[in-house]
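Visitor: Before I ask anything, here is the structure I am working with.
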Amino acid sequence: MKRASPGRITSQCLLVVGMLIATAFAQDHPAHAQGANSFLTVMTRNMDEGTDFGFILAAAGSLSALQAALGETFCEVVASNPELRAAQIADEIAAAQPDLVSLQEVAELQSSTLFCSDAAIGIPTMIDAETALLDRLALDGVSYHVVSQLEEFNSTNIFGPGIGFSFVDRDVLLARDEPDRELSIANVQAQHFSTLSVLPLAPGINVTILRGWISADATVRGRTARVIATHLESFFEPVQEAQAQELVTGPASTSLPVGIAGDLNSGPGSTQIASYNMLTQNAGFTDTWTATRPNDAGFTVGFYTEDPLTPSTPSMRTDLILVRGAVVPSAPKDHLVGTEVPHPSDHAGVVAKVTIP
């Protein structure tokens, strides 16, 4: 038998030791173990504040009718049970465990004088969908934190505190709590669009419909992408188009891979399609649903009409995750959440997983 030389034995030992060190390093540093790519999972979810403001729009032009409509709207939201529905949405998030969650229509209501006869709630009233969602997530055993939030409607700013109750609607961006080497968030920004709709409700009362965006740079296992949460205008399409263009020239103007997640109020099946076409045809964004499910309409809007008690059939897809500079893998495919009965929102949520190169 030929005996191995001492030099060869030393080389083999060094090779084995090196392999052991590399294995240990990979276990402690997932970004290196994953190779050149990392995966980012994003969810968008319109929570539905519980009203389409039908009473208020019908009362436009009459101050006395408007005051009554405000009370009807408040009680309509209370009757929809936002906190219970928020808990259902929290269960969806806990099951999907996305890295980032874009939430729209996150409601908070307070009242010291108004009693809603058709709801099991009295005075004082305090309803907070955001807190209810975060509390339920904790009960579900998962931990998320608020990256940023942006007010889109505050009744006190419009009508003052004298009416005895208030209603606030927010957009919120959540991130899953993870060690920094797994998921870290930086460069958080939030801003209202410069182009906004103004709705005349009564003589001397003009309501500016606030819309905006929240952006954050998310680093997942060593790879960074910018995620933009937004909720575009729904009433006036030219304003919506201008807001979509502001996204392109504002937070999406970066060399980083970009994802837009939100209710864009524009998309397949909608009569308002120009914003969607501009983003996907001119601005270079890929619709992750179309990429992974090209033969599935995936409608997300219209599970009920004015409130959860009036069901309807979904007919459009405006809850979108659009990406540029990120790779949309063939699997796993995008999927919807919230399609079960009872529906926690008139919208379904969308979950997408993309690769950050």
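Following the order of the structure tokens, chains are lettered A, B, ..., residues in each are numbered from 1, and ligands are numbered from 1.
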Based on DSSP run over this structure's backbone, return all residues of segment 220-268 of chain A in helix (DSSP H, G or I), as a list of chain:residue names.
Guide: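 Restricting segment 220-268 of chain A to helix (DSSP H, G or I) produces A:Glu237, A:Pro238, A:Val239, A:Gln240, A:Glu241, A:Ala242, A:Gln243, A:Ala244, A:Gln245, A:Glu246, A:Leu247, A:Val248, A:Thr249.
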Visitor: What would the file look like if the residues just selected were written as a short mmCIF file (atom, residue, chain, number, x, y, z; two decimals), in the first residue's frame with N, CA and C atoms?
Guide:
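Contents of selection_29.cif, as written:
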```cif
data_model
loop_
_atom_site.label_atom_id
_atom_site.label_comp_id
_atom_site.auth_asym_id
_atom_site.auth_seq_id
_atom_site.Cartn_x
_atom_site.Cartn_y
_atom_site.Cartn_z
N GLU A 237 -60.44 60.33 -11.85
CA GLU A 237 -59.33 59.62 -12.50
C GLU A 237 -58.17 60.51 -12.89
N PRO A 238 -58.40 61.74 -13.40
CA PRO A 238 -57.22 62.58 -13.72
C PRO A 238 -56.33 62.84 -12.50
N VAL A 239 -56.95 63.01 -11.33
CA VAL A 239 -56.15 63.19 -10.10
C VAL A 239 -55.39 61.90 -9.79
N GLN A 240 -56.05 60.78 -9.95
CA GLN A 240 -55.40 59.48 -9.71
C GLN A 240 -54.20 59.29 -10.62
N GLU A 241 -54.34 59.64 -11.89
CA GLU A 241 -53.23 59.50 -12.83
C GLU A 241 -52.04 60.37 -12.42
N ALA A 242 -52.34 61.59 -11.97
CA ALA A 242 -51.26 62.48 -11.52
C ALA A 242 -50.57 61.91 -10.29
N GLN A 243 -51.32 61.29 -9.40
CA GLN A 243 -50.72 60.67 -8.20
C GLN A 243 -49.84 59.49 -8.59
N ALA A 244 -50.29 58.68 -9.53
CA ALA A 244 -49.46 57.56 -9.99
C ALA A 244 -48.16 58.07 -10.59
N GLN A 245 -48.24 59.17 -11.33
CA GLN A 245 -47.02 59.74 -11.92
C GLN A 245 -46.10 60.27 -10.83
N GLU A 246 -46.67 60.81 -9.74
CA GLU A 246 -45.85 61.27 -8.62
C GLU A 246 -45.08 60.11 -7.97
N LEU A 247 -45.70 58.93 -7.94
CA LEU A 247 -44.98 57.77 -7.42
C LEU A 247 -43.75 57.47 -8.27
N VAL A 248 -43.93 57.54 -9.57
CA VAL A 248 -42.83 57.21 -10.50
C VAL A 248 -41.68 58.20 -10.36
N THR A 249 -42.01 59.49 -10.29
CA THR A 249 -40.97 60.51 -10.24
C THR A 249 -40.50 60.80 -8.83
#
```
Visitor: Can you tell me which residues surround Leu264 of chain A at a distance of at most 6 Å, considering only C-alpha atoms, apart from same-chain residues fewer than 6 positions away, and format the answer as a compact mmCIF listing (two decimals) with N, CA and C atoms, in the first residue's frame?
Guide:
```
# COMPACT_ATOMS: atom_id res chain seq x y z
N HIS A 231 -52.36 54.37 -1.58
CA HIS A 231 -53.80 54.25 -1.82
C HIS A 231 -54.19 55.43 -2.70
N LEU A 232 -54.36 55.16 -3.99
CA LEU A 232 -54.60 56.24 -4.94
C LEU A 232 -56.06 56.69 -4.93
N THR A 318 -57.93 45.85 -8.30
CA THR A 318 -57.19 47.10 -8.10
C THR A 318 -56.24 47.02 -6.91
```
Visitor: List the neighbours of Met126 of chain A out to 7 Å using only C-alpha atoms; skip same-chain residues closer than 2 positions along the sequence, and give me the result as number ranges by chain.
Guide: A: 109-111, 124, 128
Visitor: Between A:Val327, A:Val337, A:Val220, A:Leu279, single out the one closest to Ser38 of chain A, counting only C-alpha atoms.
Guide: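 Among the listed residues, A:Val220 lies closest to Ser38 of chain A.
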Visitor: I need the residue nearest Asp52 of chain A from this list: A:Gly302, A:Pro294, A:Gly222, A:Pro268. Use only C-alpha atoms for the distance.
Guide: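 Going through A:Gly302, A:Pro294, A:Gly222, A:Pro268 one by one, the smallest distance to Asp52 of chain A is for A:Gly302.
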Visitor: Residues near segment 68-83 of chain A, anyone? I mean within 6 Å using only C-alpha atoms, not counting same-chain ones fewer than 4 positions away, as a list in words.
Guide: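 In the requested format, the answer is Gly50, Thr51, Phe55, Ile56, Cys116, Ala119, Ala129 and Ala132 of chain A.
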Visitor: Please, could you write that set of residues out with N, CA and C atoms as an mmCIF file, in the first residue's frame?
Guide:
```
data_model
loop_
_atom_site.group_PDB
_atom_site.id
_atom_site.type_symbol
_atom_site.label_atom_id
_atom_site.label_comp_id
_atom_site.auth_asym_id
_atom_site.auth_seq_id
_atom_site.Cartn_x
_atom_site.Cartn_y
_atom_site.Cartn_z
ATOM 1 N N GLY A 50 -65.491 50.508 6.641
ATOM 2 C CA GLY A 50 -66.875 50.181 6.982
ATOM 3 C C GLY A 50 -67.904 51.069 6.333
ATOM 4 N N THR A 51 -67.493 51.951 5.441
ATOM 5 C CA THR A 51 -68.426 52.817 4.731
ATOM 6 C C THR A 51 -67.812 53.256 3.415
ATOM 7 N N PHE A 55 -73.875 58.099 2.587
ATOM 8 C CA PHE A 55 -74.761 59.068 3.247
ATOM 9 C C PHE A 55 -74.248 60.493 3.068
ATOM 10 N N ILE A 56 -72.936 60.669 3.202
ATOM 11 C CA ILE A 56 -72.351 62.005 3.100
ATOM 12 C C ILE A 56 -72.434 62.528 1.667
ATOM 13 N N CYS A 116 -75.264 54.619 18.916
ATOM 14 C CA CYS A 116 -75.740 53.938 17.719
ATOM 15 C C CYS A 116 -76.689 52.815 18.141
ATOM 16 N N ALA A 119 -76.088 49.035 17.138
ATOM 17 C CA ALA A 119 -74.794 48.425 17.445
ATOM 18 C C ALA A 119 -74.693 48.220 18.953
ATOM 19 N N ALA A 129 -58.918 50.012 14.878
ATOM 20 C CA ALA A 129 -58.640 48.816 14.081
ATOM 21 C C ALA A 129 -57.155 48.453 14.098
ATOM 22 N N ALA A 132 -56.345 46.727 17.387
ATOM 23 C CA ALA A 132 -56.979 45.408 17.391
ATOM 24 C C ALA A 132 -56.190 44.421 16.541
#
```
